[in-house]
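Take a look at the structure set out below.
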Amino acid sequence: MTLRSRARARRMRLPTAYDDAWLPRLATPHRGTSYRGDTATLLGAAWRNPRQLGTIAPSSRALARLAASVVPTQGTPTVVELGAGGGAISDVIATRMPSGGRQLAVEINNDLVRHLSRSRPWLQVLGGDAAQLTQLLGQAAVDRVDAVVSALPWTFLPAAHRQSILAELQAVLAPDGILSTIITLTAWPTRSCRVFRHQLASTFGHIEVLGPVWAALPPAVVLTCRKPSHG
Ligand SMILES: C[S@@+](CC[C@H](N)C(=O)[O-])C[C@H]1O[C@@H](n2cnc3c(N)ncnc32)[C@H](O)[C@@H]1O
């Protein structure tokens with residue numbers, strides 16, 4: 001690559017190798033495949049609105065893989081990600097999606113919605129609150145979802161807000177549809193997390209715990225719940 005073509009690639013802001021090299025390697029999502037500005041945009045938004053973001057780093061690749069392990073690899077599934085942030089998990093979901101499947105992402109923060117739409121034109125980004133999921137999906141002509149992958153900061157949300165989101169998930173998930181959600185080990189022992197796990201169990205019945213994933217900042221587990229096939 002000549003100096004001139006390298007400068008042109010930089011000006012065009014093409015997808016590059018991971019660009020926030022100062023972050024610990026454990027926190028890096030997709031060395032080699034992430035997009036310029038993912039981490040800076042996420043952390044900038046977290047700095048301005050820490051409770052909305054509820055994060056100190058993007059999901060690591062190992063954590064993203066575990067959360068995305070519920071994404072069907074066959075057929076034509078519709079998959080929705082809640083709280084897409086800088087896109088760390090969106091990219092892993094995309095690598096699992098079978099051709100003909102449909103991938104959507106819901107994100108409440110406007111800066112992140114703009115970043116995701118600009119950096120990932122292949123991703124259908126719905127800007128808004130996950131508590132309005134049915135309405136948001138309606139705008140995209142989606143009424144049934146096969147898998148939901150969530151990185152929402154559940155323990156920062158009031159219990160009533162969490163309950164509204166869970167009711168929406170229950171409504172949109174297809175029978176046998178599956179939800180995965182990340183919970184950090186720092187949040188796990190809190191009262192808010194205990195209440196959330198109770199809410200999850202009373203909405204879906206059985207919860208499975210996957211992990212922990214230590215290669216993440218902070219380390220985390222993934223909870224999965226399946227909607228009963230008769231539900
Ligand atoms: C912990 S960050 C996860 C970011 C990214 N998915 C990752 O794993 O690196 C949580 C994300 O959820 C978004 N969020 C918070 N509350 C939300 C809500 N009610 N509806 C939709 N997105 C929300 C935040 O703006 C943030 O981008």
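Just remember, in the structure tokens the first chain shown is A, the second B, etc., residues are 1-based per chain, and ligands are 1-based in the order shown.
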Quick one: which range 39-119 of chain A residues come within 10 Å of range 133-147 of chain A, and what is the nearest atom pair for each with the distance in Å to one decimal, counting only C-alpha atoms, rows ordered by chain and ascending number, as JSON lines?
{"residue": "A:Ala68", "atom": "CA", "partner": "A:Ala147", "partner_atom": "CA", "distance": 9.3}
{"residue": "A:Val70", "atom": "CA", "partner": "A:Ala147", "partner_atom": "CA", "distance": 6.7}
{"residue": "A:Val71", "atom": "CA", "partner": "A:Ala147", "partner_atom": "CA", "distance": 6.0}
{"residue": "A:Pro72", "atom": "CA", "partner": "A:Ala147", "partner_atom": "CA", "distance": 7.6}
{"residue": "A:Thr76", "atom": "CA", "partner": "A:Asp146", "partner_atom": "CA", "distance": 9.3}
{"residue": "A:Pro77", "atom": "CA", "partner": "A:Asp146", "partner_atom": "CA", "distance": 5.8}
{"residue": "A:Thr78", "atom": "CA", "partner": "A:Val145", "partner_atom": "CA", "distance": 5.2}
{"residue": "A:Val79", "atom": "CA", "partner": "A:Ala147", "partner_atom": "CA", "distance": 4.9}
{"residue": "A:Val80", "atom": "CA", "partner": "A:Ala147", "partner_atom": "CA", "distance": 6.5}
{"residue": "A:Glu81", "atom": "CA", "partner": "A:Ala147", "partner_atom": "CA", "distance": 8.5}
{"residue": "A:Leu82", "atom": "CA", "partner": "A:Leu133", "partner_atom": "CA", "distance": 9.3}
{"residue": "A:Arg102", "atom": "CA", "partner": "A:Val145", "partner_atom": "CA", "distance": 9.5}
{"residue": "A:Gln103", "atom": "CA", "partner": "A:Ala147", "partner_atom": "CA", "distance": 9.8}
{"residue": "A:Leu104", "atom": "CA", "partner": "A:Leu137", "partner_atom": "CA", "distance": 8.7}
{"residue": "A:Ala105", "atom": "CA", "partner": "A:Leu137", "partner_atom": "CA", "distance": 9.9}
{"residue": "A:Val106", "atom": "CA", "partner": "A:Leu133", "partner_atom": "CA", "distance": 8.1}
>> Report as a PyMOL selection string all protein, DNA and RNA residues lying within 9 Å of range 163-168 of chain A, evaluated on only C-alpha atoms, omitting residues in the same chain fewer than 6 positions from it.
In response: chain A and resi 129-134+196+199-200+203
Take the residues from that selection and write them out as a CSV table (one decimal), in the first residue's frame, keeping C-alpha atoms.
chain,number,residue,atom,x,y,z
A,129,ASP,CA,-36.7,2.7,24.3
A,130,ALA,CA,-36.8,-1.1,24.4
A,131,ALA,CA,-40.0,-0.6,26.5
A,132,GLN,CA,-41.6,0.5,23.2
A,133,LEU,CA,-40.4,-2.6,21.4
A,134,THR,CA,-43.6,-3.7,19.7
A,196,PHE,CA,-34.4,-8.5,38.0
A,199,GLN,CA,-38.8,-10.7,37.2
A,200,LEU,CA,-37.1,-12.7,34.5
A,203,THR,CA,-41.9,-13.8,32.9
> Expressed in Å to a single decimal, how great is the separation between CA of Leu112 in chain A and CA of Thr41 in chain A?
Replying inline: 6.9 Å
> If you run DSSP on the backbone, which residues of range 35-200 of chain A are strand (DSSP E or B), as a ChimeraX atom specification?
Replying inline: /A:78-82,102-107,124-127,145-150,173-184
Resulting file, chosen residues, N, CA and C atoms, as a CSV table (one decimal), in the first residue's frame:
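Final file, again.csv:
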chain,number,residue,atom,x,y,z
A,78,THR,N,-35.5,-13.9,12.6
A,78,THR,CA,-35.4,-12.4,12.9
A,78,THR,C,-34.8,-12.3,14.2
A,79,VAL,N,-33.7,-11.5,14.3
A,79,VAL,CA,-33.0,-11.4,15.5
A,79,VAL,C,-32.9,-9.9,15.9
A,80,VAL,N,-33.2,-9.6,17.2
A,80,VAL,CA,-33.2,-8.2,17.6
A,80,VAL,C,-32.2,-8.1,18.8
A,81,GLU,N,-31.4,-7.1,18.7
A,81,GLU,CA,-30.4,-6.8,19.8
A,81,GLU,C,-30.9,-5.5,20.5
A,82,LEU,N,-30.9,-5.6,21.8
A,82,LEU,CA,-31.4,-4.5,22.7
A,82,LEU,C,-30.1,-3.8,23.3
A,102,ARG,N,-32.9,-11.8,9.3
A,102,ARG,CA,-33.1,-10.3,9.5
A,102,ARG,C,-32.5,-9.9,10.8
A,103,GLN,N,-31.6,-8.9,10.8
A,103,GLN,CA,-31.0,-8.5,12.1
A,103,GLN,C,-31.4,-7.0,12.3
A,104,LEU,N,-31.9,-6.7,13.5
A,104,LEU,CA,-32.3,-5.4,13.9
A,104,LEU,C,-31.6,-5.0,15.2
A,105,ALA,N,-31.4,-3.7,15.5
A,105,ALA,CA,-30.9,-3.3,16.7
A,105,ALA,C,-31.7,-2.1,17.3
A,106,VAL,N,-32.0,-2.2,18.6
A,106,VAL,CA,-32.7,-1.1,19.3
A,106,VAL,C,-31.7,-0.4,20.2
A,107,GLU,N,-31.7,0.9,20.1
A,107,GLU,CA,-30.7,1.7,20.9
A,107,GLU,C,-31.4,3.0,21.2
A,124,GLN,N,-30.2,-2.8,10.6
A,124,GLN,CA,-31.4,-1.9,10.7
A,124,GLN,C,-31.5,-1.4,12.1
A,125,VAL,N,-31.2,-0.2,12.3
A,125,VAL,CA,-31.2,0.4,13.7
A,125,VAL,C,-32.5,1.1,14.0
A,126,LEU,N,-33.1,0.8,15.1
A,126,LEU,CA,-34.3,1.4,15.5
A,126,LEU,C,-34.0,2.3,16.8
A,127,GLY,N,-34.1,3.6,16.6
A,127,GLY,CA,-33.8,4.5,17.8
A,127,GLY,C,-35.0,4.6,18.7
A,145,VAL,N,-40.3,-12.3,16.7
A,145,VAL,CA,-38.8,-12.4,16.7
A,145,VAL,C,-38.4,-13.7,17.2
A,146,ASP,N,-37.3,-14.3,16.6
A,146,ASP,CA,-36.9,-15.6,17.0
A,146,ASP,C,-35.9,-15.6,18.1
A,147,ALA,N,-35.0,-14.5,18.2
A,147,ALA,CA,-34.0,-14.4,19.2
A,147,ALA,C,-33.8,-13.0,19.6
A,148,VAL,N,-33.6,-12.7,20.9
A,148,VAL,CA,-33.3,-11.4,21.3
A,148,VAL,C,-32.0,-11.5,22.1
A,149,VAL,N,-31.0,-10.6,21.8
A,149,VAL,CA,-29.8,-10.5,22.5
A,149,VAL,C,-29.7,-9.2,23.2
A,150,SER,N,-29.6,-9.2,24.5
A,150,SER,CA,-29.7,-7.9,25.2
A,150,SER,C,-28.4,-7.6,26.0
A,173,LEU,N,-41.6,-12.3,21.2
A,173,LEU,CA,-40.9,-13.5,21.0
A,173,LEU,C,-41.8,-14.6,20.4
A,174,ALA,N,-41.4,-15.3,19.4
A,174,ALA,CA,-42.1,-16.4,18.8
A,174,ALA,C,-42.1,-17.5,19.8
A,175,PRO,N,-43.2,-18.4,19.7
A,175,PRO,CA,-43.1,-19.6,20.6
A,175,PRO,C,-41.8,-20.3,20.4
A,176,ASP,N,-41.1,-20.7,21.4
A,176,ASP,CA,-39.8,-21.3,21.4
A,176,ASP,C,-38.7,-20.3,21.1
A,177,GLY,N,-39.0,-19.0,21.0
A,177,GLY,CA,-38.0,-17.9,20.8
A,177,GLY,C,-37.2,-17.8,22.1
A,178,ILE,N,-36.0,-17.2,21.9
A,178,ILE,CA,-35.0,-17.2,23.0
A,178,ILE,C,-34.5,-15.8,23.3
A,179,LEU,N,-34.2,-15.6,24.5
A,179,LEU,CA,-33.6,-14.3,25.0
A,179,LEU,C,-32.3,-14.6,25.6
A,180,SER,N,-31.3,-13.8,25.3
A,180,SER,CA,-30.0,-13.9,26.1
A,180,SER,C,-29.7,-12.5,26.6
A,181,THR,N,-29.2,-12.4,27.8
A,181,THR,CA,-28.9,-11.1,28.4
A,181,THR,C,-27.7,-11.1,29.3
A,182,ILE,N,-26.9,-10.1,29.1
A,182,ILE,CA,-25.6,-10.1,29.9
A,182,ILE,C,-25.9,-9.4,31.3
A,183,ILE,N,-25.3,-10.0,32.3
A,183,ILE,CA,-25.2,-9.5,33.6
A,183,ILE,C,-23.8,-9.5,34.1
A,184,THR,N,-23.3,-8.3,34.5
A,184,THR,CA,-21.9,-8.3,35.0
A,184,THR,C,-21.8,-8.9,36.4
>> Using only C-alpha atoms and all ligand atoms, which residues of the polymer chains come no farther than 7 Å from ligand 1? I'd like the answer as a VMD selection string.
In response: chain A and resid 42 52 to 55 57 to 59 64 82 to 89 106 to 109 112 128 to 131 151 to 153
Selection above as a file: N, CA and C atoms, as a PDB file, in the first residue's frame:
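Wrote selection-v3.pdb, looks like this:
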ATOM      1  N   LEU A  42     -18.914   5.069  22.239  1.00  0.00           N
ATOM      2  CA  LEU A  42     -19.588   4.434  23.383  1.00  0.00           C
ATOM      3  C   LEU A  42     -19.163   5.099  24.693  1.00  0.00           C
ATOM      4  N   GLN A  52     -27.552   5.802  31.848  1.00  0.00           N
ATOM      5  CA  GLN A  52     -28.216   5.259  30.651  1.00  0.00           C
ATOM      6  C   GLN A  52     -27.347   4.182  29.998  1.00  0.00           C
ATOM      7  N   LEU A  53     -26.031   4.428  29.976  1.00  0.00           N
ATOM      8  CA  LEU A  53     -25.131   3.486  29.307  1.00  0.00           C
ATOM      9  C   LEU A  53     -24.799   2.303  30.211  1.00  0.00           C
ATOM     10  N   GLY A  54     -24.525   2.592  31.484  1.00  0.00           N
ATOM     11  CA  GLY A  54     -24.242   1.527  32.450  1.00  0.00           C
ATOM     12  C   GLY A  54     -23.056   0.675  32.067  1.00  0.00           C
ATOM     13  N   THR A  55     -22.025   1.295  31.516  1.00  0.00           N
ATOM     14  CA  THR A  55     -20.877   0.493  31.079  1.00  0.00           C
ATOM     15  C   THR A  55     -19.565   1.258  31.213  1.00  0.00           C
ATOM     16  N   ALA A  57     -16.820  -0.233  29.361  1.00  0.00           N
ATOM     17  CA  ALA A  57     -16.092  -0.730  28.183  1.00  0.00           C
ATOM     18  C   ALA A  57     -17.060  -1.505  27.297  1.00  0.00           C
ATOM     19  N   PRO A  58     -16.761  -1.577  26.009  1.00  0.00           N
ATOM     20  CA  PRO A  58     -17.622  -2.409  25.151  1.00  0.00           C
ATOM     21  C   PRO A  58     -17.483  -3.884  25.522  1.00  0.00           C
ATOM     22  N   SER A  59     -18.477  -4.662  25.170  1.00  0.00           N
ATOM     23  CA  SER A  59     -18.385  -6.107  25.426  1.00  0.00           C
ATOM     24  C   SER A  59     -17.184  -6.684  24.694  1.00  0.00           C
ATOM     25  N   ALA A  64     -19.339 -11.224  23.787  1.00  0.00           N
ATOM     26  CA  ALA A  64     -20.266 -11.030  22.668  1.00  0.00           C
ATOM     27  C   ALA A  64     -20.629 -12.378  22.042  1.00  0.00           C
ATOM     28  N   LEU A  82     -30.928  -5.609  21.845  1.00  0.00           N
ATOM     29  CA  LEU A  82     -31.361  -4.468  22.665  1.00  0.00           C
ATOM     30  C   LEU A  82     -30.142  -3.801  23.283  1.00  0.00           C
ATOM     31  N   GLY A  83     -30.011  -2.478  23.096  1.00  0.00           N
ATOM     32  CA  GLY A  83     -28.875  -1.755  23.665  1.00  0.00           C
ATOM     33  C   GLY A  83     -27.604  -2.041  22.886  1.00  0.00           C
ATOM     34  N   ALA A  84     -27.632  -1.711  21.583  1.00  0.00           N
ATOM     35  CA  ALA A  84     -26.524  -2.104  20.691  1.00  0.00           C
ATOM     36  C   ALA A  84     -25.246  -1.309  20.949  1.00  0.00           C
ATOM     37  N   GLY A  85     -25.341  -0.144  21.565  1.00  0.00           N
ATOM     38  CA  GLY A  85     -24.153   0.632  21.943  1.00  0.00           C
ATOM     39  C   GLY A  85     -23.262   0.942  20.761  1.00  0.00           C
ATOM     40  N   GLY A  86     -21.977   0.571  20.854  1.00  0.00           N
ATOM     41  CA  GLY A  86     -21.025   0.834  19.773  1.00  0.00           C
ATOM     42  C   GLY A  86     -20.980  -0.285  18.743  1.00  0.00           C
ATOM     43  N   GLY A  87     -21.796  -1.317  18.898  1.00  0.00           N
ATOM     44  CA  GLY A  87     -21.897  -2.354  17.866  1.00  0.00           C
ATOM     45  C   GLY A  87     -21.061  -3.601  18.116  1.00  0.00           C
ATOM     46  N   ALA A  88     -20.460  -3.724  19.311  1.00  0.00           N
ATOM     47  CA  ALA A  88     -19.578  -4.874  19.583  1.00  0.00           C
ATOM     48  C   ALA A  88     -20.307  -6.205  19.392  1.00  0.00           C
ATOM     49  N   ILE A  89     -21.548  -6.275  19.880  1.00  0.00           N
ATOM     50  CA  ILE A  89     -22.276  -7.545  19.762  1.00  0.00           C
ATOM     51  C   ILE A  89     -22.954  -7.652  18.392  1.00  0.00           C
ATOM     52  N   VAL A 106     -31.963  -2.186  18.592  1.00  0.00           N
ATOM     53  CA  VAL A 106     -32.682  -1.100  19.263  1.00  0.00           C
ATOM     54  C   VAL A 106     -31.692  -0.379  20.168  1.00  0.00           C
ATOM     55  N   GLU A 107     -31.676   0.939  20.069  1.00  0.00           N
ATOM     56  CA  GLU A 107     -30.743   1.728  20.884  1.00  0.00           C
ATOM     57  C   GLU A 107     -31.418   3.049  21.248  1.00  0.00           C
ATOM     58  N   ILE A 108     -31.279   3.429  22.534  1.00  0.00           N
ATOM     59  CA  ILE A 108     -31.981   4.630  23.011  1.00  0.00           C
ATOM     60  C   ILE A 108     -31.161   5.904  22.849  1.00  0.00           C
ATOM     61  N   ASN A 109     -29.833   5.763  22.805  1.00  0.00           N
ATOM     62  CA  ASN A 109     -28.965   6.949  22.798  1.00  0.00           C
ATOM     63  C   ASN A 109     -28.758   7.454  21.363  1.00  0.00           C
ATOM     64  N   LEU A 112     -25.351   7.147  19.654  1.00  0.00           N
ATOM     65  CA  LEU A 112     -25.029   5.769  19.271  1.00  0.00           C
ATOM     66  C   LEU A 112     -25.874   5.312  18.088  1.00  0.00           C
ATOM     67  N   GLY A 128     -34.826   4.221  19.971  1.00  0.00           N
ATOM     68  CA  GLY A 128     -35.919   4.343  20.937  1.00  0.00           C
ATOM     69  C   GLY A 128     -35.707   3.446  22.134  1.00  0.00           C
ATOM     70  N   ASP A 129     -36.710   3.456  22.993  1.00  0.00           N
ATOM     71  CA  ASP A 129     -36.665   2.712  24.258  1.00  0.00           C
ATOM     72  C   ASP A 129     -37.162   1.276  24.033  1.00  0.00           C
ATOM     73  N   ALA A 130     -36.427   0.319  24.569  1.00  0.00           N
ATOM     74  CA  ALA A 130     -36.836  -1.085  24.433  1.00  0.00           C
ATOM     75  C   ALA A 130     -38.221  -1.327  25.037  1.00  0.00           C
ATOM     76  N   ALA A 131     -38.649  -0.424  25.918  1.00  0.00           N
ATOM     77  CA  ALA A 131     -39.995  -0.571  26.494  1.00  0.00           C
ATOM     78  C   ALA A 131     -41.085  -0.307  25.447  1.00  0.00           C
ATOM     79  N   ALA A 151     -27.967  -6.349  25.926  1.00  0.00           N
ATOM     80  CA  ALA A 151     -26.888  -5.869  26.801  1.00  0.00           C
ATOM     81  C   ALA A 151     -27.405  -4.657  27.561  1.00  0.00           C
ATOM     82  N   LEU A 152     -28.724  -4.617  27.776  1.00  0.00           N
ATOM     83  CA  LEU A 152     -29.311  -3.472  28.500  1.00  0.00           C
ATOM     84  C   LEU A 152     -28.742  -3.419  29.917  1.00  0.00           C
ATOM     85  N   PRO A 153     -28.567  -2.199  30.456  1.00  0.00           N
ATOM     86  CA  PRO A 153     -28.096  -2.088  31.845  1.00  0.00           C
ATOM     87  C   PRO A 153     -29.261  -2.273  32.820  1.00  0.00           C
TER      88      PRO A 153
END
> Between CA of Ile93 in chain A and CA of Ser60 in chain A, what is the distance, to one decimal in Å?
Replying inline: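 Taking CA of Ile93 in chain A as the start and CA of Ser60 in chain A as the end point, the length is 13.4 Å.
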> From the list A:Cys225, A:Thr155, A:Thr190, A:Ala216, which residue is nearest Gln170 in chain A when using only C-alpha atoms?
Replying inline: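 Looking only at the distances to Gln170 in chain A, the closest residue turns out to be A:Cys225.
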>> Give me, as a list in words, all polymer residues having an atom no more than 10 Å from Arg120 in chain A, counting only C-alpha atoms and skipping those fewer than 5 positions away in the same chain.
In response: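 Surrounding residues, per the criterion: Pro15, Tyr35, Gly87, Ser90, Asp91, Arg114, His115 and Val125 of chain A.
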>> Env of Thr73 in chain A: 6 Å cut, atoms = only C-alpha atoms, seq-sep filter 2 positions within chain, self excluded. Answer as a ChimeraX atom specification.
In response: /A:96-98
Would you put the residues from that selection into a file with N, CA and C atoms, as a compact mmCIF listing (two decimals), in the first residue's frame?
# COMPACT_ATOMS: atom_id res chain seq x y z
N ARG A 96 -22.98 -14.74 12.67
CA ARG A 96 -23.72 -16.00 12.88
C ARG A 96 -24.98 -16.08 12.01
N MET A 97 -25.48 -14.91 11.57
CA MET A 97 -26.78 -14.90 10.90
C MET A 97 -26.74 -15.68 9.59
N PRO A 98 -27.72 -16.59 9.40
CA PRO A 98 -27.79 -17.26 8.10
C PRO A 98 -28.28 -16.27 7.05
Per DSSP on the backbone, what are the alpha helix (DSSP H) residues of range 7-226 of chain A, as a compact mmCIF listing (two decimals) with C-alpha atoms, in the first residue's frame?
# COMPACT_ATOMS: atom_id res chain seq x y z
CA ALA A 7 -3.95 8.46 3.45
CA ARG A 8 -7.03 8.05 1.22
CA ALA A 9 -8.26 5.06 3.28
CA ARG A 10 -7.81 7.13 6.44
CA ARG A 11 -9.79 10.04 4.97
CA MET A 12 -12.62 7.71 3.92
CA ASP A 38 -16.90 2.36 18.19
CA THR A 39 -15.27 2.57 21.59
CA ALA A 40 -14.72 6.33 21.60
CA THR A 41 -18.40 6.93 20.75
CA LEU A 42 -19.59 4.43 23.38
CA LEU A 43 -17.37 5.81 26.13
CA GLY A 44 -18.18 9.42 25.18
CA ALA A 45 -21.88 8.64 25.54
CA ALA A 46 -21.19 6.81 28.83
CA TRP A 47 -19.28 9.82 30.13
CA ARG A 48 -22.21 12.13 29.34
CA PRO A 50 -23.41 7.03 32.82
CA ARG A 51 -26.69 5.60 34.11
CA GLN A 52 -28.22 5.26 30.65
CA LEU A 53 -25.13 3.49 29.31
CA ARG A 61 -15.37 -10.62 21.82
CA ALA A 62 -15.64 -13.61 24.17
CA LEU A 63 -18.66 -12.12 25.94
CA ALA A 64 -20.27 -11.03 22.67
CA ARG A 65 -19.87 -14.58 21.31
CA LEU A 66 -21.53 -16.13 24.35
CA ALA A 67 -24.42 -13.63 24.28
CA ALA A 88 -19.58 -4.87 19.58
CA ILE A 89 -22.28 -7.55 19.76
CA SER A 90 -23.99 -6.51 16.51
CA ASP A 91 -20.91 -7.58 14.55
CA VAL A 92 -20.78 -11.01 16.21
CA ILE A 93 -24.50 -11.55 15.63
CA ALA A 94 -23.94 -10.65 11.95
CA THR A 95 -21.27 -13.33 11.59
CA ARG A 96 -23.72 -16.00 12.88
CA ASN A 110 -29.09 9.27 19.76
CA ASP A 111 -25.30 9.55 19.36
CA LEU A 112 -25.03 5.77 19.27
CA VAL A 113 -27.97 5.44 16.88
CA ARG A 114 -26.16 7.84 14.50
CA HIS A 115 -22.85 5.99 14.90
CA LEU A 116 -24.40 2.57 14.28
CA SER A 117 -26.34 3.77 11.24
CA ARG A 118 -23.26 5.41 9.74
CA SER A 119 -20.77 2.64 10.49
CA LEU A 133 -40.37 -2.63 21.37
CA THR A 134 -43.64 -3.69 19.74
CA GLN A 135 -44.15 -0.20 18.33
CA LEU A 136 -40.52 0.11 17.14
CA LEU A 137 -40.64 -3.29 15.46
CA GLY A 138 -44.01 -2.39 13.93
CA GLN A 139 -42.28 0.49 12.08
CA ALA A 159 -38.16 -2.21 38.32
CA ALA A 160 -41.31 -0.92 36.56
CA HIS A 161 -39.29 -0.01 33.43
CA ARG A 162 -37.69 -3.49 33.40
CA GLN A 163 -41.13 -5.07 33.74
CA SER A 164 -42.43 -3.11 30.74
CA ILE A 165 -39.48 -4.29 28.62
CA LEU A 166 -39.99 -7.90 29.72
CA ALA A 167 -43.70 -7.68 28.86
CA GLU A 168 -42.76 -6.42 25.38
CA LEU A 169 -40.28 -9.28 24.97
CA GLN A 170 -42.90 -11.80 26.01
CA ALA A 171 -45.25 -10.29 23.40
CA VAL A 172 -42.81 -10.25 20.45
CA ARG A 191 -30.61 -6.22 45.30
CA SER A 192 -31.62 -4.75 41.95
CA CYS A 193 -30.17 -7.79 40.15
CA ARG A 194 -31.96 -10.20 42.51
CA VAL A 195 -35.25 -8.44 41.76
CA PHE A 196 -34.45 -8.52 38.01
CA ARG A 197 -33.75 -12.27 38.09
CA HIS A 198 -37.04 -12.78 39.89
CA GLN A 199 -38.82 -10.69 37.22
CA LEU A 200 -37.13 -12.70 34.47
CA ALA A 201 -38.09 -16.00 36.08
CA SER A 202 -41.71 -14.98 36.56
CA THR A 203 -41.93 -13.82 32.93
CA PHE A 204 -40.23 -16.80 31.26
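Taking CA of Pro219 in chain A and CA of Leu185 in chain A as endpoints, the distance between them is 5.8 Å.
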